[in-house]
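Undergrad: Next up, entry_31.txt (compact mmCIF, C-alpha atoms).
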```
# COMPACT_ATOMS: atom_id res chain seq x y z
CA MET A 1 79.78 131.07 61.71
CA MET A 2 83.14 131.82 60.09
CA LYS A 3 84.41 133.26 63.39
CA ILE A 4 83.51 130.06 65.24
CA LEU A 5 85.17 128.01 62.51
CA LYS A 6 88.34 130.11 62.80
CA ILE A 7 88.43 129.56 66.58
CA TYR A 8 88.28 125.80 66.02
CA ILE A 9 90.98 125.95 63.36
CA ASP A 10 93.21 127.98 65.69
CA ALA A 11 92.64 125.47 68.50
CA TYR A 12 94.02 122.65 66.35
CA SER A 13 96.64 124.58 64.38
CA GLY A 14 100.34 124.49 65.15
CA LEU A 15 100.39 120.90 66.37
CA SER A 16 103.08 118.78 64.76
CA LYS A 17 102.20 115.86 62.51
CA GLU A 18 103.90 113.60 65.05
CA SER A 19 101.48 114.83 67.73
CA TRP A 20 98.58 114.02 65.44
CA MET A 21 99.96 110.57 64.68
CA LEU A 22 100.50 109.82 68.38
CA ALA A 23 96.85 110.73 68.93
CA ILE A 24 95.75 108.48 66.05
CA VAL A 25 97.72 105.57 67.48
CA MET A 26 96.18 106.24 70.89
CA LEU A 27 92.72 106.27 69.28
CA LEU A 28 93.34 102.89 67.63
CA ASN A 29 94.78 101.51 70.86
CA ARG A 30 91.83 102.64 73.00
CA MET A 31 89.31 101.46 70.44
CA GLY A 32 91.08 98.14 70.91
CA SER A 33 90.15 98.23 74.59
CA MET A 34 86.56 97.46 73.70
CA VAL A 35 86.72 94.31 75.83
CA LEU A 36 87.11 96.18 79.13
CA PRO A 37 83.48 97.25 79.74
CA PHE A 38 82.33 93.67 79.13
CA LEU A 39 84.84 91.80 81.26
CA GLY A 40 82.53 91.59 84.28
CA ILE A 41 79.62 90.36 82.20
CA TYR A 42 81.85 87.84 80.41
CA MET A 43 83.26 86.41 83.62
CA ILE A 44 79.84 85.98 85.26
CA SER A 45 77.71 84.92 82.29
CA GLU A 46 80.23 82.95 80.23
CA LEU A 47 82.79 81.66 82.73
CA GLY A 48 80.41 81.25 85.67
CA PHE A 49 82.47 83.35 88.11
CA THR A 50 80.80 84.77 91.19
CA LEU A 51 80.51 88.53 91.61
CA GLU A 52 83.23 88.38 94.26
CA ASN A 53 85.57 86.40 91.99
CA SER A 54 85.02 88.80 89.10
CA GLY A 55 85.91 91.65 91.47
CA ILE A 56 89.17 89.90 92.34
CA VAL A 57 90.05 89.59 88.65
CA LEU A 58 89.24 93.24 88.00
CA SER A 59 91.42 94.21 90.97
CA CYS A 60 94.25 92.24 89.36
CA PHE A 61 93.69 94.25 86.21
CA GLY A 62 93.96 97.45 88.27
CA ILE A 63 97.14 96.24 89.99
CA GLY A 64 98.59 95.40 86.59
CA SER A 65 97.87 98.93 85.37
CA VAL A 66 99.84 100.35 88.32
CA VAL A 67 102.73 97.99 87.61
CA GLY A 68 102.59 98.83 83.90
CA SER A 69 102.67 102.59 84.53
CA TRP A 70 105.73 102.29 86.74
CA LEU A 71 107.47 99.72 84.54
CA GLY A 72 106.74 101.62 81.33
CA GLY A 73 108.17 104.83 82.75
CA TRP A 74 111.28 103.13 84.09
CA ILE A 75 112.02 101.22 80.88
CA THR A 76 111.35 104.29 78.73
CA ASP A 77 114.26 106.08 80.40
CA LYS A 78 116.45 103.05 79.65
CA ILE A 79 115.60 102.17 76.03
CA GLY A 80 113.49 105.07 74.75
CA ASN A 81 109.78 105.70 74.21
CA PHE A 82 109.68 104.25 70.67
CA LYS A 83 110.74 100.76 71.71
CA VAL A 84 108.44 100.68 74.74
CA GLN A 85 105.38 101.76 72.73
CA ALA A 86 106.14 99.22 70.00
CA ILE A 87 106.72 96.41 72.51
CA SER A 88 103.50 97.22 74.36
CA LEU A 89 101.36 97.30 71.22
CA PHE A 90 102.82 94.19 69.59
CA LEU A 91 102.72 92.12 72.79
CA SER A 92 99.16 93.18 73.64
CA ALA A 93 97.85 91.66 70.40
CA PRO A 94 98.72 88.00 71.14
CA LEU A 95 97.67 88.39 74.78
CA PHE A 96 94.17 89.47 73.70
CA LEU A 97 94.20 86.60 71.22
CA ILE A 98 94.74 83.91 73.87
CA LEU A 99 92.29 85.29 76.47
CA PRO A 100 89.55 82.73 75.59
CA LEU A 101 91.92 79.91 76.61
CA PHE A 102 91.81 80.92 80.30
CA LYS A 103 88.71 79.60 82.07
CA THR A 104 89.50 79.48 85.80
CA VAL A 105 89.52 82.36 88.26
CA GLU A 106 93.22 81.93 89.01
CA SER A 107 94.37 81.66 85.40
CA PHE A 108 92.15 84.51 84.21
CA ALA A 109 93.37 86.75 87.04
CA VAL A 110 97.00 86.04 86.11
CA ILE A 111 96.50 86.69 82.38
CA MET A 112 94.62 89.93 83.13
CA LEU A 113 97.44 91.04 85.44
CA ILE A 114 99.99 90.37 82.68
CA LEU A 115 97.83 91.94 79.96
CA SER A 116 97.18 95.16 81.88
CA SER A 117 100.85 95.44 82.86
CA ILE A 118 101.94 95.15 79.22
CA SER A 119 99.22 97.40 77.78
CA GLU A 120 99.67 100.14 80.41
CA MET A 121 103.40 100.36 79.65
CA PHE A 122 102.24 102.22 76.56
CA ARG A 123 100.88 105.28 78.38
CA PRO A 124 103.99 106.77 80.04
CA ALA A 125 106.05 106.07 76.90
CA ASN A 126 103.38 107.76 74.79
CA SER A 127 103.36 110.75 77.17
CA VAL A 128 107.13 111.07 76.88
CA ALA A 129 106.81 110.97 73.09
CA ILE A 130 104.31 113.85 73.25
CA THR A 131 106.86 115.96 75.14
CA ARG A 132 109.52 115.06 72.58
CA TYR A 133 107.51 115.99 69.49
CA ALA A 134 105.33 118.90 70.66
CA ARG A 135 106.60 122.46 70.72
CA LYS A 136 106.83 124.06 74.16
CA GLU A 137 103.91 126.43 73.57
CA ASN A 138 101.70 123.57 72.33
CA ILE A 139 102.43 120.90 74.92
CA THR A 140 99.14 121.22 76.84
CA ARG A 141 97.14 121.15 73.61
CA ALA A 142 99.13 118.10 72.48
CA PHE A 143 98.16 116.30 75.69
CA SER A 144 94.56 117.45 75.21
CA LEU A 145 94.54 116.10 71.66
CA ASN A 146 95.79 112.79 73.00
CA ARG A 147 93.09 112.74 75.69
CA MET A 148 90.46 113.55 73.10
CA ALA A 149 91.64 110.50 71.17
CA VAL A 150 91.33 108.41 74.35
CA ASN A 151 87.76 109.61 74.93
CA LEU A 152 86.81 109.08 71.31
CA GLY A 153 88.30 105.59 71.42
CA PHE A 154 86.40 104.76 74.58
CA SER A 155 83.22 106.04 72.93
CA ILE A 156 83.59 103.98 69.76
CA GLY A 157 85.14 100.89 71.34
CA PRO A 158 82.31 99.91 73.71
CA SER A 159 79.74 100.36 70.96
CA LEU A 160 81.65 97.97 68.71
CA GLY A 161 82.27 95.70 71.69
CA GLY A 162 78.57 95.45 72.47
CA PHE A 163 77.82 94.46 68.91
CA LEU A 164 80.61 91.87 68.76
CA SER A 165 79.90 90.37 72.19
CA TYR A 166 76.28 89.82 71.15
CA TYR A 167 77.56 87.28 68.64
CA SER A 168 80.68 85.95 70.34
CA TYR A 169 83.02 86.99 73.13
CA ASP A 170 85.81 85.16 71.33
CA LEU A 171 85.20 87.43 68.34
CA LEU A 172 85.43 90.41 70.70
CA PHE A 173 88.84 89.28 71.96
CA TYR A 174 90.10 88.61 68.42
CA CYS A 175 89.05 92.09 67.26
CA ASN A 176 90.83 93.60 70.27
CA ALA A 177 93.95 91.76 69.19
CA GLY A 178 93.52 93.03 65.62
CA ALA A 179 93.10 96.63 66.76
CA ALA A 180 96.27 96.45 68.89
CA LEU A 181 98.17 94.95 65.97
CA ILE A 182 96.97 97.65 63.55
CA ALA A 183 97.92 100.36 66.06
CA GLY A 184 101.37 98.76 66.39
CA ILE A 185 101.90 98.62 62.63
CA VAL A 186 100.77 102.24 62.10
CA PHE A 187 103.02 103.40 64.94
CA PHE A 188 106.06 101.42 63.77
CA VAL A 189 105.78 102.48 60.12
CA PHE A 190 105.44 106.19 60.96
CA PHE A 191 107.93 106.55 63.84
CA ASN A 192 110.63 104.03 63.00
CA GLY A 193 113.82 106.02 62.39
CA ARG A 194 112.08 109.36 62.94
CA LYS A 195 114.17 111.88 64.85
CA GLU A 196 112.72 113.54 67.92
CA ARG A 197 112.49 117.31 67.83
CA ASN A 198 114.12 117.92 71.25
CA THR A 199 113.12 121.58 71.18
CA GLY A 200 113.51 122.08 74.90
CA ASN A 201 109.78 122.03 75.35
CA THR A 202 109.82 120.78 78.93
CA GLU A 203 112.10 123.46 80.35
CA GLU A 204 115.10 121.20 79.79
CA LEU A 205 118.44 122.83 80.21
CA GLU A 206 121.51 121.62 78.43
CA LEU A 207 122.86 120.16 81.63
CA ASP A 208 126.59 119.84 81.99
CA LYS A 209 127.97 116.61 83.34
CA THR A 210 128.42 118.01 86.86
CA VAL A 211 124.66 118.56 87.31
CA LYS A 212 122.76 115.59 88.67
CA GLU A 213 119.17 115.16 87.55
CA ARG A 214 116.41 114.74 90.09
CA ASN A 215 115.09 111.32 91.04
CA ALA A 216 111.34 111.25 90.46
CA TYR A 217 110.83 108.90 93.41
CA THR A 218 112.59 111.20 95.90
CA ASP A 219 111.42 114.52 94.44
CA VAL A 220 109.34 115.59 97.46
CA PRO A 221 107.55 118.61 95.87
CA PHE A 222 106.53 116.45 92.90
CA LEU A 223 105.44 113.58 95.17
CA VAL A 224 103.20 115.99 97.09
CA PHE A 225 101.76 117.23 93.79
CA ASN A 226 101.22 113.62 92.74
CA LEU A 227 99.38 112.94 95.99
CA PHE A 228 96.88 115.64 95.08
CA CYS A 229 96.61 114.09 91.60
CA ILE A 230 95.72 110.75 93.25
CA LEU A 231 93.10 112.42 95.45
CA PHE A 232 91.61 114.22 92.44
CA SER A 233 91.48 110.97 90.45
CA ILE A 234 89.89 108.99 93.31
CA ALA A 235 87.19 111.65 93.68
CA PHE A 236 86.65 112.34 89.99
CA PHE A 237 86.44 108.70 88.91
CA GLN A 238 83.28 108.21 90.93
CA ILE A 239 81.85 109.17 87.54
CA LEU A 240 82.71 105.66 86.33
CA ASN A 241 81.81 103.73 89.48
CA THR A 242 79.17 105.06 91.86
CA LEU A 243 77.57 107.80 89.75
CA PRO A 244 75.84 105.35 87.36
CA LEU A 245 74.56 103.42 90.42
CA PHE A 246 73.25 106.71 91.86
CA TYR A 247 71.45 107.47 88.62
CA LYS A 248 69.85 104.02 88.63
CA ASP A 249 69.05 103.38 92.30
CA VAL A 250 68.34 106.86 93.65
CA VAL A 251 67.25 108.99 90.70
CA LYS A 252 65.54 105.99 89.05
CA LEU A 253 66.78 106.74 85.54
CA THR A 254 66.44 104.16 82.80
CA GLN A 255 69.47 102.58 81.13
CA SER A 256 68.95 104.75 78.05
CA GLU A 257 68.75 107.92 80.16
CA ILE A 258 71.95 106.97 81.98
CA GLY A 259 73.62 106.28 78.63
CA LEU A 260 72.59 109.70 77.33
CA LEU A 261 73.98 111.43 80.42
CA MET A 262 77.31 109.63 80.23
CA GLY A 263 77.42 110.13 76.47
CA PHE A 264 76.82 113.86 77.00
CA SER A 265 80.06 114.02 79.00
CA GLY A 266 82.01 112.30 76.22
CA PHE A 267 80.42 114.58 73.63
CA LEU A 268 81.46 117.72 75.52
CA ILE A 269 85.04 116.49 75.87
CA VAL A 270 85.47 115.51 72.24
CA VAL A 271 83.92 118.72 70.90
CA PHE A 272 85.15 121.34 73.36
CA GLU A 273 88.34 120.21 75.14
CA MET A 274 90.80 121.51 72.54
CA LEU A 275 88.81 124.74 72.25
CA LEU A 276 88.73 125.22 76.04
CA ILE A 277 92.46 124.60 76.47
CA HIS A 278 93.31 126.86 73.52
CA TYR A 279 91.27 129.70 75.02
CA THR A 280 92.17 129.37 78.69
CA GLU A 281 95.92 128.67 78.45
CA LYS A 282 96.45 132.16 76.97
CA LYS A 283 94.54 133.92 79.75
CA PHE A 284 95.32 131.93 82.90
CA THR A 285 98.27 130.18 84.49
CA VAL A 286 98.52 126.41 84.81
CA THR A 287 98.06 126.72 88.57
CA GLN A 288 94.91 128.82 88.19
CA LEU A 289 93.40 126.32 85.77
CA LEU A 290 94.16 123.35 88.04
CA VAL A 291 92.59 125.14 91.01
CA PHE A 292 89.53 126.22 89.02
CA GLY A 293 89.08 122.78 87.43
CA SER A 294 89.21 121.06 90.83
CA PHE A 295 86.80 123.62 92.31
CA VAL A 296 84.30 123.20 89.46
CA THR A 297 84.45 119.40 89.82
CA ALA A 298 83.74 119.76 93.56
CA ILE A 299 80.67 121.89 92.79
CA SER A 300 79.46 119.35 90.22
CA TYR A 301 79.29 116.57 92.81
CA PHE A 302 77.80 118.85 95.47
CA ILE A 303 74.86 119.59 93.15
CA PHE A 304 73.73 115.96 93.47
CA VAL A 305 73.09 116.44 97.19
CA PHE A 306 70.32 118.98 96.63
CA ASN A 307 68.67 118.44 93.28
CA HIS A 308 67.90 115.32 91.23
CA THR A 309 65.95 116.87 88.38
CA LEU A 310 67.19 116.04 84.91
CA GLY A 311 68.32 119.59 84.19
CA PHE A 312 70.56 119.69 87.26
CA LEU A 313 71.91 116.21 86.48
CA TYR A 314 73.05 117.52 83.10
CA LEU A 315 74.44 120.65 84.77
CA GLY A 316 76.41 118.46 87.17
CA ILE A 317 77.86 116.22 84.48
CA GLY A 318 78.62 119.31 82.36
CA LEU A 319 80.59 121.01 85.14
CA MET A 320 82.34 117.71 85.86
CA SER A 321 83.40 117.52 82.21
CA ILE A 322 84.82 121.05 82.36
CA GLY A 323 86.84 120.09 85.41
CA GLU A 324 88.10 116.97 83.66
CA MET A 325 89.08 118.91 80.55
CA LEU A 326 91.14 121.34 82.59
CA VAL A 327 92.75 119.15 85.23
CA LEU A 328 93.70 115.87 83.55
CA PRO A 329 95.80 117.25 80.64
CA LEU A 330 97.42 119.85 82.91
CA MET A 331 98.50 117.15 85.36
CA SER A 332 100.58 115.78 82.47
CA THR A 333 101.80 119.28 81.55
CA VAL A 334 103.13 119.95 85.06
CA THR A 335 104.80 116.52 85.07
CA ALA A 336 106.44 117.23 81.70
CA PHE A 337 107.78 120.58 82.89
CA ARG A 338 109.10 119.14 86.14
CA SER A 339 110.93 116.28 84.43
CA GLN A 340 114.39 116.67 82.93
CA LYS A 341 116.19 115.37 79.89
CA ASN A 342 116.80 111.77 80.92
CA ASN A 343 114.08 111.05 83.47
CA LYS A 344 110.85 111.87 81.65
CA GLY A 345 109.72 108.24 81.69
CA ALA A 346 110.04 107.95 85.47
CA TYR A 347 108.08 111.16 86.00
CA MET A 348 105.36 110.27 83.49
CA GLY A 349 105.10 106.74 84.87
CA LEU A 350 104.79 108.00 88.43
CA ASN A 351 102.09 110.50 87.47
CA GLY A 352 100.30 107.84 85.42
CA MET A 353 100.20 105.65 88.52
CA SER A 354 97.99 108.27 90.19
CA VAL A 355 95.20 107.38 87.77
CA SER A 356 95.91 103.65 88.01
CA VAL A 357 95.78 103.74 91.82
CA ALA A 358 92.48 105.59 91.60
CA PHE A 359 91.02 102.83 89.42
CA ILE A 360 91.70 100.42 92.29
CA VAL A 361 90.78 102.61 95.28
CA SER A 362 87.92 104.69 93.85
CA PRO A 363 85.31 101.92 93.30
CA PHE A 364 86.07 100.26 96.65
CA LEU A 365 85.81 103.46 98.72
CA GLY A 366 82.91 104.88 96.74
CA THR A 367 80.69 101.81 96.96
CA HIS A 368 81.58 101.31 100.65
CA VAL A 369 80.61 104.88 101.62
CA ALA A 370 77.46 104.83 99.47
CA THR A 371 76.34 101.47 100.91
CA SER A 372 77.14 102.30 104.56
CA TYR A 373 76.25 105.99 104.75
CA GLY A 374 74.28 106.87 101.62
CA PHE A 375 75.02 108.68 98.38
CA ASN A 376 74.57 112.17 99.84
CA THR A 377 77.39 111.48 102.28
CA LEU A 378 79.54 110.21 99.40
CA TRP A 379 78.94 113.38 97.34
CA VAL A 380 79.75 115.63 100.32
CA ILE A 381 82.99 113.74 101.05
CA THR A 382 83.92 113.78 97.36
CA SER A 383 83.35 117.54 97.18
CA ILE A 384 85.42 118.15 100.32
CA ILE A 385 88.29 116.08 98.88
CA LEU A 386 88.18 118.10 95.66
CA PHE A 387 88.18 121.41 97.59
CA ILE A 388 91.27 120.19 99.46
CA VAL A 389 92.86 119.28 96.11
CA ALA A 390 92.15 122.78 94.77
CA ILE A 391 93.92 124.28 97.81
CA GLY A 392 96.81 121.83 97.39
CA TYR A 393 97.23 122.70 93.71
CA HIS A 394 97.26 126.40 94.64
CA PHE A 395 100.22 126.01 97.00
CA PHE A 396 102.23 123.17 95.45
CA THR A 397 101.98 123.57 91.66
CA LYS A 398 103.75 126.86 90.98
CA PRO A 399 107.19 125.78 92.34
CA LEU A 400 107.16 122.77 90.00
CA LEU A 401 106.93 125.03 86.96
CA GLN A 402 110.05 127.03 87.80
CA LYS A 403 113.24 126.20 85.96
CA ASN A 404 115.15 123.32 87.48
CA VAL A 405 114.17 123.99 91.09
```
What would the structure in this file look like if it were written as structure tokens?
TA:
Amino acid sequence: MMKILKIYIDAYSGLSKESWMLAIVMLLNRMGSMVLPFLGIYMISELGFTLENSGIVLSCFGIGSVVGSWLGGWITDKIGNFKVQAISLFLSAPLFLILPLFKTVESFAVIMLILSSISEMFRPANSVAITRYARKENITRAFSLNRMAVNLGFSIGPSLGGFLSYYSYDLLFYCNAGAALIAGIVFFVFFNGRKERNTGNTEELELDKTVKERNAYTDVPFLVFNLFCILFSIAFFQILNTLPLFYKDVVKLTQSEIGLLMGFSGFLIVVFEMLLIHYTEKKFTVTQLLVFGSFVTAISYFIFVFNHTLGFLYLGIGLMSIGEMLVLPLMSTVTAFRSQKNNKGAYMGLNGMSVSVAFIVSPFLGTHVATSYGFNTLWVITSIILFIVAIGYHFFTKPLLQKNV
């Protein structure tokens, strides 16, 4: 028992207090996203939108997240990560507050586009802050801690959101606004005037003035890597879109059984991600972990083609969670190492767009394939994509981790 406790302590030790505070702010921010799972229900049941119209609005939200990722990264390089994070948090609060005033499809689509653009500016700036405050040897664990906060926030937020929406959707929006405001205040009080560590943790060199830094948008090796990140995200995020439909329509699980399966994934991530990263990063290279994580995720989806018993469903979601724990934080690690002193925001924003693009493309492609050709075909295609990603990571990741190539 004491040995297990020591392993957990070691997994969390060595992280700076700034890394912990960034994770706490992220937790508060994502808890404040409790409205997101209920947007579709709100638009159809409260505003009277059709299913098609609600899909248009949600697409606008996805487009806004892409814009926000790019804009947040670009502005971060201009004015710094502190200002961008503060602006995003403090502007999100009033936007959540006025959501109930928008009743038409057009107006609600516009406000959701603006809201997602502003709120998603936070992510690349937050990622840059992680690279500034984490020591080089702890950077992957710092990203993992941040992701754990995201998952914990998304676990707590919807539960609170369900309770609040039962009484009033307006109350739900107001609490979202309050959570964003609290996150902004906590962030501002702790980080205002705080000096960044700048310990060279992202392979930065003290560049002389004759050396020109890379442009993230013309960095071909990184763009190829980012393409594989997009493919991984499109395939992986079937977990949020078509997998619950598969559980319901094909496997015939009840809502509570589906909830337990999805909750099992969140439980594994919160409890084991830091432990897994702490153990594996000492024994394997970043490239090996990305390849293995993609391969395991491919296997997890392939399982659904052959066996629908509850035990294999849990095995599939468990393997999928392992893949998620390895790949997603390491995507950020590679991006941090590839970036240089004054272009971290552009790199983080560009990599963040890979997830945002997946949120738009993944549900459309997944539901289309499942409807037209069946779920088995979808799982086979998803597995093939993930195998291709594993091969791509094998060949294209290692050069990005070399000094200033």
Undergrad: Taking 4 positions as the minimum chain separation for residues in the same chain, which residues sit within 9 Å of Leu160 in chain A when counting all atoms listed in the file? Answer as an MDAnalysis selection string.
TA: chainID A and resid 31 34 156 164:165 172
Undergrad: Can you list, as a PyMOL selection string, every protein, DNA or RNA residue that comes within 12 Å of Glu257 in chain A when you count only C-alpha atoms, leaving out same-chain residues fewer than 5 positions away?
TA: chain A and resi 244+247-248+251-252+262-264+310+313-314
Undergrad: Return as CSV the residues of range 70-131 of chain A lying at most 12 Å from range 215-225 of chain A, together with the closest atom-to-atom pair for each and the distance in Å to one decimal, counting all atoms listed in the file, with rows in chain order and ascending residue number.
TA:
```
residue,atom,partner,partner_atom,distance
A:Trp70,CA,A:Tyr217,CA,10.7
A:Gly73,CA,A:Ala216,CA,10.5
A:Trp74,CA,A:Ala216,CA,10.3
A:Asp77,CA,A:Ala216,CA,11.7
```
Undergrad: What separation in Å, quoted to one decimal, exists between CA of Leu268 in chain A and CA of Phe359 in chain A?
TA: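 CA of Phe359 in chain A lies 22.5 Å from CA of Leu268 in chain A.
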Undergrad: Name the closest residue to Thr131 in chain A among the candidates A:Ala358, A:Asn81, A:Phe267, A:Tyr373; distances are taken between atoms, counting all atoms listed in the file.
TA: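 Checking each of A:Ala358, A:Asn81, A:Phe267, A:Tyr373 against Thr131 in chain A, counting all atoms listed in the file, the winner is A:Asn81.
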Undergrad: How many Å separate CA of Phe122 in chain A from CA of Leu89 in chain A?
TA: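 Between these atoms lies a distance of 7.3 Å.
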Undergrad: Counting all atoms listed in the file, which of A:Phe190, A:Phe228, A:Tyr174, A:Phe82 gets nearest to Ser354 in chain A?
TA: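 Counting all atoms listed in the file, the residue closest to Ser354 in chain A is A:Phe228.
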Undergrad: Compare A:Leu101, A:Leu275, A:Val270, A:Val25 by their minimum atom-to-atom distance to Ile182 in chain A, counting only C-alpha atoms, and give me the closest one.
TA: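 So, comparing all the options, the nearest one is A:Val25.
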Undergrad: Which residues of range 321-348 of chain A sit at most 9 Å from range 282-303 of chain A, using all atoms listed in the file? Give each one's shortest atom pair and distance in Å (one decimal place), in chain and ascending residue order, as JSON lines.
TA:
```
{"residue": "A:Ser321", "atom": "CA", "partner": "A:Thr297", "partner_atom": "CA", "distance": 7.9}
{"residue": "A:Ile322", "atom": "CA", "partner": "A:Gly293", "partner_atom": "CA", "distance": 6.8}
{"residue": "A:Gly323", "atom": "CA", "partner": "A:Gly293", "partner_atom": "CA", "distance": 4.0}
{"residue": "A:Glu324", "atom": "CA", "partner": "A:Gly293", "partner_atom": "CA", "distance": 7.0}
{"residue": "A:Met325", "atom": "CA", "partner": "A:Gly293", "partner_atom": "CA", "distance": 7.9}
{"residue": "A:Leu326", "atom": "CA", "partner": "A:Gly293", "partner_atom": "CA", "distance": 5.5}
{"residue": "A:Val327", "atom": "CA", "partner": "A:Leu290", "partner_atom": "CA", "distance": 5.2}
{"residue": "A:Leu328", "atom": "CA", "partner": "A:Leu290", "partner_atom": "CA", "distance": 8.7}
{"residue": "A:Leu330", "atom": "CA", "partner": "A:Val286", "partner_atom": "CA", "distance": 6.9}
{"residue": "A:Met331", "atom": "CA", "partner": "A:Leu290", "partner_atom": "CA", "distance": 8.0}
{"residue": "A:Thr333", "atom": "CA", "partner": "A:Val286", "partner_atom": "CA", "distance": 8.5}
{"residue": "A:Val334", "atom": "CA", "partner": "A:Val286", "partner_atom": "CA", "distance": 7.9}
```
Undergrad: Grab the CA of Ile234 in chain A to CA of Gly316 in chain A distance for me, in Å with one decimal place.
TA: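 Separation between CA of Ile234 in chain A and CA of Gly316 in chain A: 17.6 Å.
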Undergrad: Calculated over all atoms listed in the file, which of the candidates A:Leu401, A:Val110, A:Ile385, A:Leu152 has the smallest distance to Gln340 in chain A?
TA: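 Going through A:Leu401, A:Val110, A:Ile385, A:Leu152 one by one, the smallest distance to Gln340 in chain A is for A:Leu401.
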Undergrad: Skipping near chain neighbours, those fewer than 2 positions away, what residues fall within 12 Å of Ala183 in chain A using all atoms listed in the file, listed as a ChimeraX atom specification?
TA: /A:21-33,85-93,122,176-181,185-191
Undergrad: Check the smallest atom-to-atom distance from each of A:Val57, A:Leu145, A:Val66, A:Ala129 to Met112 in chain A using only C-alpha atoms, then report the winner.
TA: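 The shortest atom-to-atom distance to Met112 in chain A comes from A:Val57.
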Undergrad: From the list A:Gly311, A:Pro399, A:Pro329, A:Gly62, which residue is nearest Phe364 in chain A when using all atoms listed in the file?
TA: A:Gly62
